[in-house]
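To start, the structure itself, in structure tokens.
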Amino acid sequence: LEIGRGHGSMAQEPRVKVDPKKIKILAVDDDAVARELLQTILGSHGYQVLTASGGKEALGILQAVPVDLVMSDLVMPGMDGLAFLKAVRASLPGLSVIITTAHGSIDSAVEAIKMGAYAYLTKPVTTERVMHLVKQAIEEQHLRQENLYLRRQLEERHRFDNILGKSPRMQEVYRLIADLEGSEATVLIQGETGTGKELIARALHFHSPRKDRPFLAVNC
């Protein structure tokens, strides 16, 4: 049984080149043999591998060490995989978690994916499948980080205090933009061609509740 975003014949090869030596993966399993197996598989491909025997120990590691990916067993004493997954999603929502288990079921798989697991994989795991999922999860995480960085750069670019113009009339425009921050109001911007209407519109957009949605300029 395998469910998740990184499975199936349509899965693509990684589009982002990532140096495994710079990647830290946390393997969580109360079974020492299973931990060592994951450590051997991942380590043989150059990844840095940290291990934990349970959810609480793993959470302590995550608080102390930046980790790129987590692979966790489902059935563990104390804190099981789903409880651990919930804690990770609450504190590190951008961190991908792959759930592995020898006691797979459709119900637990669906629950894990609904809670935000990247994938759900039943044991015994193969080297090929593990590496495919790991590479794909890390690639997607790096793409998300890259997109977040670009979005922040774009927001910085369209901050209204970056708009050129220091005249009293432009200062009035800045104050109006600031007053509208967070507003759902429809705004009509008027001015001659080339005076920066679209620039003002973008600044308004990136200070609105819709800033995470696309900005579309239409020439009428």
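Going through the structure tokens in order, the chains are called A, B, and so on, while each chain numbers its residues from 1 and the ligands are numbered from 1 in the order shown.
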- From region 50-195 of chain A, collect each residue whose DSSP state is strand (DSSP E or B) and return the set as a PyMOL selection string. chain A and resi 50-52+69-73+96-101+119-122
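With only C-alpha atoms as the atoms that count, the residue of A:Arg175, A:Lys17, A:His205, A:Lys56 with the shortest distance to Asp29 (chain A) is A:Lys56.
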- Message: Please list as a PyMOL selection string every residue within 10 Å of region 84-90 of chain A, counting only C-alpha atoms and excluding residues in the same chain fewer than 4 positions away.
- Response: chain A and resi 28+54-56+58-59+62+70+72-74+76+79-80+94-99+112+115-117
Region 26-146 of chain A: which residues are alpha helix (DSSP H) by DSSP, as a short mmCIF file (atom, residue, chain, number, x, y, z; two decimals) with all heavy atoms, in the first residue's frame?
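The new file states.cif reads:
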data_model
loop_
_atom_site.label_atom_id
_atom_site.label_comp_id
_atom_site.auth_asym_id
_atom_site.auth_seq_id
_atom_site.Cartn_x
_atom_site.Cartn_y
_atom_site.Cartn_z
N ALA A 32 15.05 -0.81 16.05
CA ALA A 32 16.44 -0.46 15.76
C ALA A 32 16.88 -0.96 14.39
O ALA A 32 17.63 -0.28 13.67
CB ALA A 32 17.37 -1.01 16.84
N VAL A 33 16.41 -2.13 13.99
CA VAL A 33 16.78 -2.70 12.69
C VAL A 33 16.25 -1.83 11.56
O VAL A 33 16.95 -1.55 10.58
CB VAL A 33 16.25 -4.14 12.56
CG1 VAL A 33 16.52 -4.67 11.14
CG2 VAL A 33 16.91 -5.06 13.59
N ALA A 34 14.99 -1.37 11.70
CA ALA A 34 14.39 -0.52 10.67
C ALA A 34 15.11 0.81 10.59
O ALA A 34 15.34 1.34 9.49
CB ALA A 34 12.90 -0.31 10.99
N ARG A 35 15.50 1.36 11.75
CA ARG A 35 16.25 2.63 11.75
C ARG A 35 17.58 2.46 11.03
O ARG A 35 17.97 3.29 10.21
CB ARG A 35 16.52 3.10 13.18
CG ARG A 35 15.34 3.65 13.90
CD ARG A 35 15.76 4.51 15.09
NE ARG A 35 16.71 3.86 15.99
CZ ARG A 35 16.38 3.08 17.01
NH1 ARG A 35 15.10 2.80 17.23
NH2 ARG A 35 17.31 2.56 17.79
N GLU A 36 18.27 1.39 11.35
CA GLU A 36 19.59 1.15 10.73
C GLU A 36 19.46 0.93 9.23
O GLU A 36 20.33 1.34 8.46
CB GLU A 36 20.26 -0.05 11.40
CG GLU A 36 20.69 0.24 12.85
CD GLU A 36 21.18 -1.02 13.56
OE1 GLU A 36 21.32 -2.07 12.88
OE2 GLU A 36 21.42 -0.95 14.78
N LEU A 37 18.36 0.26 8.81
CA LEU A 37 18.15 0.02 7.39
C LEU A 37 17.98 1.35 6.65
O LEU A 37 18.61 1.59 5.60
CB LEU A 37 16.92 -0.85 7.17
CG LEU A 37 16.52 -1.11 5.70
CD1 LEU A 37 17.65 -1.82 4.96
CD2 LEU A 37 15.23 -1.91 5.63
N LEU A 38 17.13 2.24 7.19
CA LEU A 38 16.94 3.55 6.56
C LEU A 38 18.24 4.34 6.56
O LEU A 38 18.59 5.00 5.58
CB LEU A 38 15.85 4.33 7.29
CG LEU A 38 14.41 4.07 6.88
CD1 LEU A 38 13.46 4.90 7.73
CD2 LEU A 38 14.19 4.37 5.40
N GLN A 39 18.97 4.27 7.68
CA GLN A 39 20.23 4.99 7.78
C GLN A 39 21.22 4.50 6.73
O GLN A 39 21.94 5.29 6.11
CB GLN A 39 20.81 4.82 9.19
CG GLN A 39 21.97 5.75 9.49
CD GLN A 39 22.35 5.72 10.95
OE1 GLN A 39 22.14 4.73 11.65
NE2 GLN A 39 22.89 6.83 11.46
N THR A 40 21.25 3.19 6.50
CA THR A 40 22.15 2.61 5.51
C THR A 40 21.76 3.02 4.09
O THR A 40 22.60 3.43 3.29
CB THR A 40 22.15 1.07 5.62
OG1 THR A 40 22.59 0.69 6.92
CG2 THR A 40 23.07 0.45 4.57
N ILE A 41 20.44 2.92 3.78
CA ILE A 41 19.96 3.26 2.44
C ILE A 41 20.24 4.72 2.12
O ILE A 41 20.81 5.05 1.08
CB ILE A 41 18.45 2.97 2.32
CG1 ILE A 41 18.18 1.46 2.36
CG2 ILE A 41 17.90 3.56 1.02
CD1 ILE A 41 16.71 1.09 2.39
N LEU A 42 19.83 5.60 3.04
CA LEU A 42 19.98 7.04 2.79
C LEU A 42 21.45 7.47 2.85
O LEU A 42 21.89 8.29 2.05
CB LEU A 42 19.16 7.82 3.82
CG LEU A 42 17.64 7.58 3.76
CD1 LEU A 42 16.96 8.20 4.97
CD2 LEU A 42 17.06 8.14 2.48
N GLY A 43 22.19 6.92 3.80
CA GLY A 43 23.60 7.26 3.93
C GLY A 43 24.41 6.84 2.73
O GLY A 43 25.35 7.53 2.33
N GLY A 55 8.67 9.39 18.92
CA GLY A 55 8.21 10.71 18.55
C GLY A 55 8.74 11.82 19.43
O GLY A 55 9.15 12.88 18.94
N LYS A 56 8.76 11.62 20.74
CA LYS A 56 9.22 12.66 21.66
C LYS A 56 10.69 12.97 21.45
O LYS A 56 11.10 14.13 21.44
CB LYS A 56 8.94 12.24 23.11
CG LYS A 56 7.47 12.21 23.46
CD LYS A 56 7.25 11.87 24.93
CE LYS A 56 5.76 11.88 25.28
NZ LYS A 56 5.51 11.54 26.70
N GLU A 57 11.49 11.92 21.27
CA GLU A 57 12.92 12.13 21.01
C GLU A 57 13.10 12.88 19.69
O GLU A 57 13.94 13.79 19.58
CB GLU A 57 13.65 10.80 20.96
CG GLU A 57 15.15 10.93 20.71
CD GLU A 57 15.85 9.59 20.53
OE1 GLU A 57 15.20 8.53 20.69
OE2 GLU A 57 17.05 9.60 20.21
N ALA A 58 12.30 12.52 18.70
CA ALA A 58 12.40 13.17 17.39
C ALA A 58 12.04 14.65 17.46
O ALA A 58 12.69 15.49 16.84
CB ALA A 58 11.48 12.46 16.39
N LEU A 59 11.01 14.99 18.24
CA LEU A 59 10.62 16.40 18.39
C LEU A 59 11.75 17.21 19.03
O LEU A 59 11.98 18.36 18.67
CB LEU A 59 9.35 16.51 19.21
CG LEU A 59 8.06 16.03 18.54
CD1 LEU A 59 6.88 16.11 19.51
CD2 LEU A 59 7.76 16.84 17.28
N GLY A 60 12.45 16.59 19.98
CA GLY A 60 13.59 17.26 20.59
C GLY A 60 14.69 17.54 19.59
O GLY A 60 15.30 18.62 19.61
N ILE A 61 14.93 16.59 18.70
CA ILE A 61 15.94 16.77 17.65
C ILE A 61 15.53 17.89 16.70
O ILE A 61 16.33 18.75 16.32
CB ILE A 61 16.16 15.46 16.88
CG1 ILE A 61 16.82 14.41 17.79
CG2 ILE A 61 17.03 15.70 15.62
CD1 ILE A 61 16.93 13.04 17.17
N LEU A 62 14.25 17.92 16.33
CA LEU A 62 13.76 18.94 15.40
C LEU A 62 13.85 20.34 15.98
O LEU A 62 14.00 21.32 15.23
CB LEU A 62 12.31 18.63 15.00
CG LEU A 62 12.11 17.39 14.12
CD1 LEU A 62 10.62 17.14 13.88
CD2 LEU A 62 12.84 17.53 12.80
N GLN A 63 13.76 20.45 17.30
CA GLN A 63 13.89 21.75 17.94
C GLN A 63 15.34 22.24 17.94
O GLN A 63 15.60 23.44 17.96
CB GLN A 63 13.38 21.70 19.38
CG GLN A 63 11.87 21.55 19.48
CD GLN A 63 11.39 21.41 20.92
OE1 GLN A 63 12.20 21.32 21.85
NE2 GLN A 63 10.08 21.39 21.11
N ALA A 64 16.27 21.28 17.90
CA ALA A 64 17.69 21.63 18.01
C ALA A 64 18.42 21.67 16.68
O ALA A 64 19.42 22.39 16.53
CB ALA A 64 18.39 20.63 18.94
N GLY A 81 2.92 7.52 15.19
CA GLY A 81 3.29 8.31 14.02
C GLY A 81 2.33 9.43 13.70
O GLY A 81 2.75 10.51 13.28
N LEU A 82 1.02 9.20 13.90
CA LEU A 82 0.03 10.23 13.59
C LEU A 82 0.12 11.38 14.59
O LEU A 82 0.01 12.56 14.22
CB LEU A 82 -1.38 9.64 13.56
CG LEU A 82 -1.68 8.67 12.41
CD1 LEU A 82 -3.13 8.21 12.48
CD2 LEU A 82 -1.37 9.31 11.06
N ALA A 83 0.31 11.07 15.87
CA ALA A 83 0.47 12.12 16.88
C ALA A 83 1.75 12.91 16.62
O ALA A 83 1.77 14.14 16.76
CB ALA A 83 0.50 11.51 18.28
N PHE A 84 2.80 12.21 16.23
CA PHE A 84 4.06 12.87 15.90
C PHE A 84 3.88 13.77 14.68
O PHE A 84 4.34 14.92 14.65
CB PHE A 84 5.14 11.82 15.64
CG PHE A 84 6.42 12.37 15.10
CD1 PHE A 84 7.20 13.26 15.83
CD2 PHE A 84 6.87 12.00 13.83
CE1 PHE A 84 8.38 13.77 15.33
CE2 PHE A 84 8.04 12.50 13.31
CZ PHE A 84 8.80 13.40 14.06
N LEU A 85 3.19 13.25 13.67
CA LEU A 85 2.93 14.03 12.46
C LEU A 85 2.16 15.31 12.79
O LEU A 85 2.48 16.40 12.29
CB LEU A 85 2.13 13.19 11.46
CG LEU A 85 1.60 13.90 10.20
CD1 LEU A 85 2.75 14.45 9.36
CD2 LEU A 85 0.75 12.94 9.37
N LYS A 86 1.15 15.19 13.64
CA LYS A 86 0.36 16.36 14.05
C LYS A 86 1.23 17.41 14.73
O LYS A 86 1.12 18.62 14.46
CB LYS A 86 -0.76 15.92 14.99
CG LYS A 86 -1.69 17.04 15.40
CD LYS A 86 -2.82 16.52 16.28
CE LYS A 86 -3.76 17.65 16.69
NZ LYS A 86 -4.88 17.15 17.54
N ALA A 87 2.14 16.95 15.60
CA ALA A 87 3.04 17.87 16.31
C ALA A 87 3.99 18.55 15.34
O ALA A 87 4.27 19.75 15.47
CB ALA A 87 3.82 17.11 17.38
N VAL A 88 4.50 17.81 14.36
CA VAL A 88 5.41 18.39 13.36
C VAL A 88 4.69 19.43 12.51
O VAL A 88 5.21 20.51 12.25
CB VAL A 88 6.02 17.29 12.46
CG1 VAL A 88 6.81 17.91 11.31
CG2 VAL A 88 6.91 16.37 13.27
N ARG A 89 3.47 19.10 12.08
CA ARG A 89 2.72 20.03 11.25
C ARG A 89 2.40 21.32 12.00
O ARG A 89 2.32 22.39 11.41
CB ARG A 89 1.40 19.38 10.77
CG ARG A 89 1.58 18.13 9.93
CD ARG A 89 2.37 18.37 8.68
NE ARG A 89 1.70 19.28 7.77
CZ ARG A 89 2.28 19.82 6.70
NH1 ARG A 89 3.55 19.55 6.44
NH2 ARG A 89 1.62 20.62 5.91
N ALA A 90 2.23 21.22 13.32
CA ALA A 90 1.91 22.40 14.12
C ALA A 90 3.13 23.30 14.30
O ALA A 90 3.01 24.53 14.27
CB ALA A 90 1.38 21.98 15.49
N SER A 91 4.30 22.70 14.48
CA SER A 91 5.50 23.50 14.75
C SER A 91 6.34 23.78 13.51
O SER A 91 6.99 24.83 13.41
CB SER A 91 6.37 22.79 15.80
OG SER A 91 6.77 21.51 15.35
N ILE A 106 -6.01 1.14 4.76
CA ILE A 106 -6.53 2.26 3.99
C ILE A 106 -6.91 3.41 4.93
O ILE A 106 -6.63 4.58 4.66
CB ILE A 106 -7.76 1.84 3.16
CG1 ILE A 106 -7.33 0.83 2.08
CG2 ILE A 106 -8.41 3.05 2.52
CD1 ILE A 106 -6.39 1.40 1.04
N ASP A 107 -7.54 3.08 6.06
CA ASP A 107 -7.98 4.11 6.99
C ASP A 107 -6.82 4.95 7.53
O ASP A 107 -6.87 6.18 7.56
CB ASP A 107 -8.75 3.48 8.16
CG ASP A 107 -10.12 2.96 7.75
OD1 ASP A 107 -10.59 3.36 6.68
OD2 ASP A 107 -10.70 2.16 8.50
N SER A 108 -5.76 4.25 7.98
CA SER A 108 -4.62 4.99 8.54
C SER A 108 -3.88 5.76 7.45
O SER A 108 -3.36 6.85 7.70
CB SER A 108 -3.66 4.03 9.25
OG SER A 108 -3.13 3.06 8.36
N ALA A 109 -3.87 5.22 6.25
CA ALA A 109 -3.20 5.91 5.14
C ALA A 109 -3.94 7.20 4.80
O ALA A 109 -3.34 8.27 4.66
CB ALA A 109 -3.14 5.01 3.92
N VAL A 110 -5.27 7.11 4.68
CA VAL A 110 -6.07 8.29 4.36
C VAL A 110 -5.94 9.33 5.48
O VAL A 110 -5.80 10.53 5.21
CB VAL A 110 -7.55 7.90 4.16
CG1 VAL A 110 -8.43 9.15 4.07
CG2 VAL A 110 -7.71 7.06 2.91
N GLU A 111 -5.96 8.89 6.73
CA GLU A 111 -5.83 9.80 7.85
C GLU A 111 -4.49 10.53 7.82
O GLU A 111 -4.41 11.74 8.06
CB GLU A 111 -5.99 9.04 9.17
CG GLU A 111 -5.94 9.90 10.42
CD GLU A 111 -7.11 10.85 10.54
OE1 GLU A 111 -8.13 10.62 9.86
OE2 GLU A 111 -7.00 11.82 11.30
N ALA A 112 -3.42 9.78 7.53
CA ALA A 112 -2.08 10.38 7.48
C ALA A 112 -1.99 11.44 6.39
O ALA A 112 -1.45 12.53 6.61
CB ALA A 112 -1.03 9.30 7.25
N ILE A 113 -2.53 11.16 5.22
CA ILE A 113 -2.47 12.11 4.11
C ILE A 113 -3.33 13.33 4.43
O ILE A 113 -2.94 14.47 4.15
CB ILE A 113 -2.92 11.45 2.80
CG1 ILE A 113 -1.97 10.30 2.42
CG2 ILE A 113 -2.97 12.49 1.67
CD1 ILE A 113 -0.52 10.72 2.28
N LYS A 114 -4.50 13.12 5.03
CA LYS A 114 -5.37 14.24 5.41
C LYS A 114 -4.67 15.14 6.42
O LYS A 114 -4.88 16.36 6.45
CB LYS A 114 -6.69 13.73 5.98
CG LYS A 114 -7.65 13.20 4.93
CD LYS A 114 -8.85 12.52 5.55
CE LYS A 114 -9.68 13.48 6.37
NZ LYS A 114 -10.89 12.82 6.93
N THR A 127 14.87 -0.03 -1.66
CA THR A 127 15.79 1.09 -1.82
C THR A 127 15.32 2.02 -2.94
O THR A 127 15.33 3.24 -2.78
CB THR A 127 17.20 0.58 -2.15
OG1 THR A 127 17.67 -0.22 -1.06
CG2 THR A 127 18.17 1.73 -2.39
N GLU A 128 14.89 1.45 -4.04
CA GLU A 128 14.45 2.24 -5.18
C GLU A 128 13.27 3.14 -4.82
O GLU A 128 13.26 4.33 -5.15
CB GLU A 128 14.07 1.31 -6.33
CG GLU A 128 13.59 2.04 -7.58
CD GLU A 128 13.16 1.09 -8.69
OE1 GLU A 128 13.27 -0.14 -8.49
OE2 GLU A 128 12.72 1.59 -9.74
N ARG A 129 12.28 2.58 -4.12
CA ARG A 129 11.09 3.35 -3.80
C ARG A 129 11.40 4.44 -2.77
O ARG A 129 10.92 5.57 -2.88
CB ARG A 129 10.00 2.41 -3.26
CG ARG A 129 8.62 3.04 -3.32
CD ARG A 129 8.25 3.37 -4.74
NE ARG A 129 7.28 4.48 -4.79
CZ ARG A 129 7.31 5.43 -5.70
NH1 ARG A 129 8.26 5.44 -6.61
NH2 ARG A 129 6.42 6.39 -5.70
N VAL A 130 12.20 4.08 -1.77
CA VAL A 130 12.56 5.05 -0.75
C VAL A 130 13.30 6.23 -1.38
O VAL A 130 12.98 7.39 -1.12
CB VAL A 130 13.44 4.41 0.35
CG1 VAL A 130 14.09 5.48 1.22
CG2 VAL A 130 12.60 3.49 1.22
N MET A 131 14.26 5.95 -2.23
CA MET A 131 15.06 7.02 -2.82
C MET A 131 14.23 7.89 -3.76
O MET A 131 14.42 9.11 -3.82
CB MET A 131 16.27 6.44 -3.56
CG MET A 131 17.29 5.77 -2.65
SD MET A 131 17.68 6.76 -1.17
CE MET A 131 18.15 8.32 -1.88
N HIS A 132 13.30 7.27 -4.47
CA HIS A 132 12.45 8.06 -5.36
C HIS A 132 11.60 9.03 -4.55
O HIS A 132 11.50 10.22 -4.89
CB HIS A 132 11.55 7.14 -6.18
CG HIS A 132 10.63 7.89 -7.12
ND1 HIS A 132 11.04 8.36 -8.34
CD2 HIS A 132 9.33 8.25 -6.98
CE1 HIS A 132 10.04 8.99 -8.93
NE2 HIS A 132 8.98 8.94 -8.12
N LEU A 133 10.99 8.55 -3.48
CA LEU A 133 10.15 9.41 -2.64
C LEU A 133 10.97 10.51 -1.96
O LEU A 133 10.55 11.66 -1.90
CB LEU A 133 9.45 8.56 -1.56
CG LEU A 133 8.16 7.85 -1.98
CD1 LEU A 133 7.66 6.96 -0.84
CD2 LEU A 133 7.09 8.83 -2.38
N VAL A 134 12.13 10.13 -1.46
CA VAL A 134 12.99 11.11 -0.77
C VAL A 134 13.41 12.21 -1.72
O VAL A 134 13.29 13.41 -1.40
CB VAL A 134 14.22 10.40 -0.16
CG1 VAL A 134 15.29 11.42 0.23
CG2 VAL A 134 13.81 9.59 1.06
N LYS A 135 13.89 11.85 -2.89
CA LYS A 135 14.34 12.85 -3.86
C LYS A 135 13.19 13.76 -4.28
O LYS A 135 13.36 14.98 -4.39
CB LYS A 135 14.94 12.16 -5.10
CG LYS A 135 16.28 11.50 -4.84
CD LYS A 135 16.79 10.78 -6.08
CE LYS A 135 18.12 10.10 -5.81
NZ LYS A 135 18.59 9.35 -7.00
N GLN A 136 12.01 13.18 -4.47
CA GLN A 136 10.88 13.98 -4.91
C GLN A 136 10.40 14.90 -3.80
O GLN A 136 10.07 16.07 -4.04
CB GLN A 136 9.73 13.06 -5.36
CG GLN A 136 8.62 13.82 -6.06
CD GLN A 136 7.76 12.89 -6.90
OE1 GLN A 136 8.26 11.95 -7.52
NE2 GLN A 136 6.47 13.15 -6.91
N ALA A 137 10.36 14.41 -2.57
CA ALA A 137 9.93 15.24 -1.44
C ALA A 137 10.88 16.41 -1.23
O ALA A 137 10.44 17.55 -1.00
CB ALA A 137 9.85 14.39 -0.18
N ILE A 138 12.17 16.15 -1.31
CA ILE A 138 13.16 17.21 -1.10
C ILE A 138 13.10 18.23 -2.23
O ILE A 138 13.19 19.44 -2.02
CB ILE A 138 14.57 16.60 -0.97
CG1 ILE A 138 14.68 15.83 0.35
CG2 ILE A 138 15.64 17.69 -1.04
CD1 ILE A 138 15.94 15.03 0.49
N GLU A 139 12.91 17.73 -3.46
CA GLU A 139 12.79 18.64 -4.60
C GLU A 139 11.60 19.58 -4.41
O GLU A 139 11.71 20.80 -4.59
CB GLU A 139 12.59 17.84 -5.88
CG GLU A 139 12.27 18.72 -7.08
CD GLU A 139 11.47 18.00 -8.15
OE1 GLU A 139 11.27 16.77 -8.04
OE2 GLU A 139 11.04 18.67 -9.10
N GLU A 140 10.45 19.02 -4.04
CA GLU A 140 9.26 19.84 -3.87
C GLU A 140 9.44 20.85 -2.73
O GLU A 140 8.97 21.99 -2.82
CB GLU A 140 8.04 18.96 -3.62
CG GLU A 140 7.60 18.18 -4.85
CD GLU A 140 6.27 17.47 -4.66
OE1 GLU A 140 5.55 17.81 -3.70
OE2 GLU A 140 5.96 16.57 -5.45
N GLN A 141 10.11 20.42 -1.67
CA GLN A 141 10.33 21.33 -0.55
C GLN A 141 11.23 22.50 -0.96
O GLN A 141 10.99 23.65 -0.60
CB GLN A 141 10.95 20.57 0.63
CG GLN A 141 11.15 21.43 1.87
CD GLN A 141 11.04 20.63 3.14
OE1 GLN A 141 10.02 20.04 3.44
NE2 GLN A 141 12.11 20.60 3.91
N HIS A 142 12.26 22.20 -1.75
CA HIS A 142 13.15 23.27 -2.21
C HIS A 142 12.42 24.21 -3.16
O HIS A 142 12.65 25.42 -3.14
CB HIS A 142 14.39 22.66 -2.89
CG HIS A 142 15.46 22.29 -1.93
ND1 HIS A 142 16.64 22.98 -1.81
CD2 HIS A 142 15.53 21.31 -0.99
CE1 HIS A 142 17.39 22.44 -0.87
NE2 HIS A 142 16.75 21.42 -0.36
N LEU A 143 11.52 23.67 -3.98
CA LEU A 143 10.73 24.52 -4.87
C LEU A 143 9.81 25.44 -4.07
O LEU A 143 9.65 26.62 -4.40
CB LEU A 143 9.91 23.66 -5.84
CG LEU A 143 10.67 23.03 -7.00
CD1 LEU A 143 9.77 22.08 -7.77
CD2 LEU A 143 11.22 24.10 -7.93
N ARG A 144 9.20 24.90 -3.00
CA ARG A 144 8.34 25.72 -2.15
C ARG A 144 9.14 26.85 -1.49
O ARG A 144 8.69 27.99 -1.44
CB ARG A 144 7.68 24.86 -1.06
CG ARG A 144 6.56 23.97 -1.56
CD ARG A 144 5.69 23.49 -0.42
NE ARG A 144 6.44 22.76 0.58
CZ ARG A 144 6.66 21.45 0.55
NH1 ARG A 144 6.19 20.73 -0.47
NH2 ARG A 144 7.33 20.84 1.50
N GLN A 145 10.34 26.52 -1.01
CA GLN A 145 11.18 27.53 -0.37
C GLN A 145 11.59 28.59 -1.38
O GLN A 145 11.63 29.79 -1.07
CB GLN A 145 12.40 26.87 0.25
CG GLN A 145 12.08 25.98 1.44
CD GLN A 145 13.27 25.16 1.90
OE1 GLN A 145 14.28 25.04 1.19
NE2 GLN A 145 13.15 24.55 3.07
N GLU A 146 11.90 28.15 -2.60
CA GLU A 146 12.30 29.08 -3.65
C GLU A 146 11.15 30.01 -4.02
O GLU A 146 11.33 31.22 -4.17
CB GLU A 146 12.74 28.28 -4.88
CG GLU A 146 13.60 29.05 -5.85
CD GLU A 146 14.18 28.14 -6.92
OE1 GLU A 146 13.49 27.94 -7.94
OE2 GLU A 146 15.30 27.63 -6.75
#
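Compared by their closest atoms to Asn147 (chain A), and using only C-alpha atoms, the residues A:Thr195, A:Asp212, A:Gln190, A:Ile200 rank with A:Asp212 nearest.
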- Between CA of Glu192 (chain A) and CA of Pro209 (chain A), what is the distance, to one decimal in Å? 27.8 Å
- Item | Shortest interatomic distance to Lys211 (chain A) - which of A:Ser167, A:Thr101, A:Ser53, A:Ser183, counting only C-alpha atoms |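 For Lys211 (chain A), the nearest of the given residues is A:Ser183.
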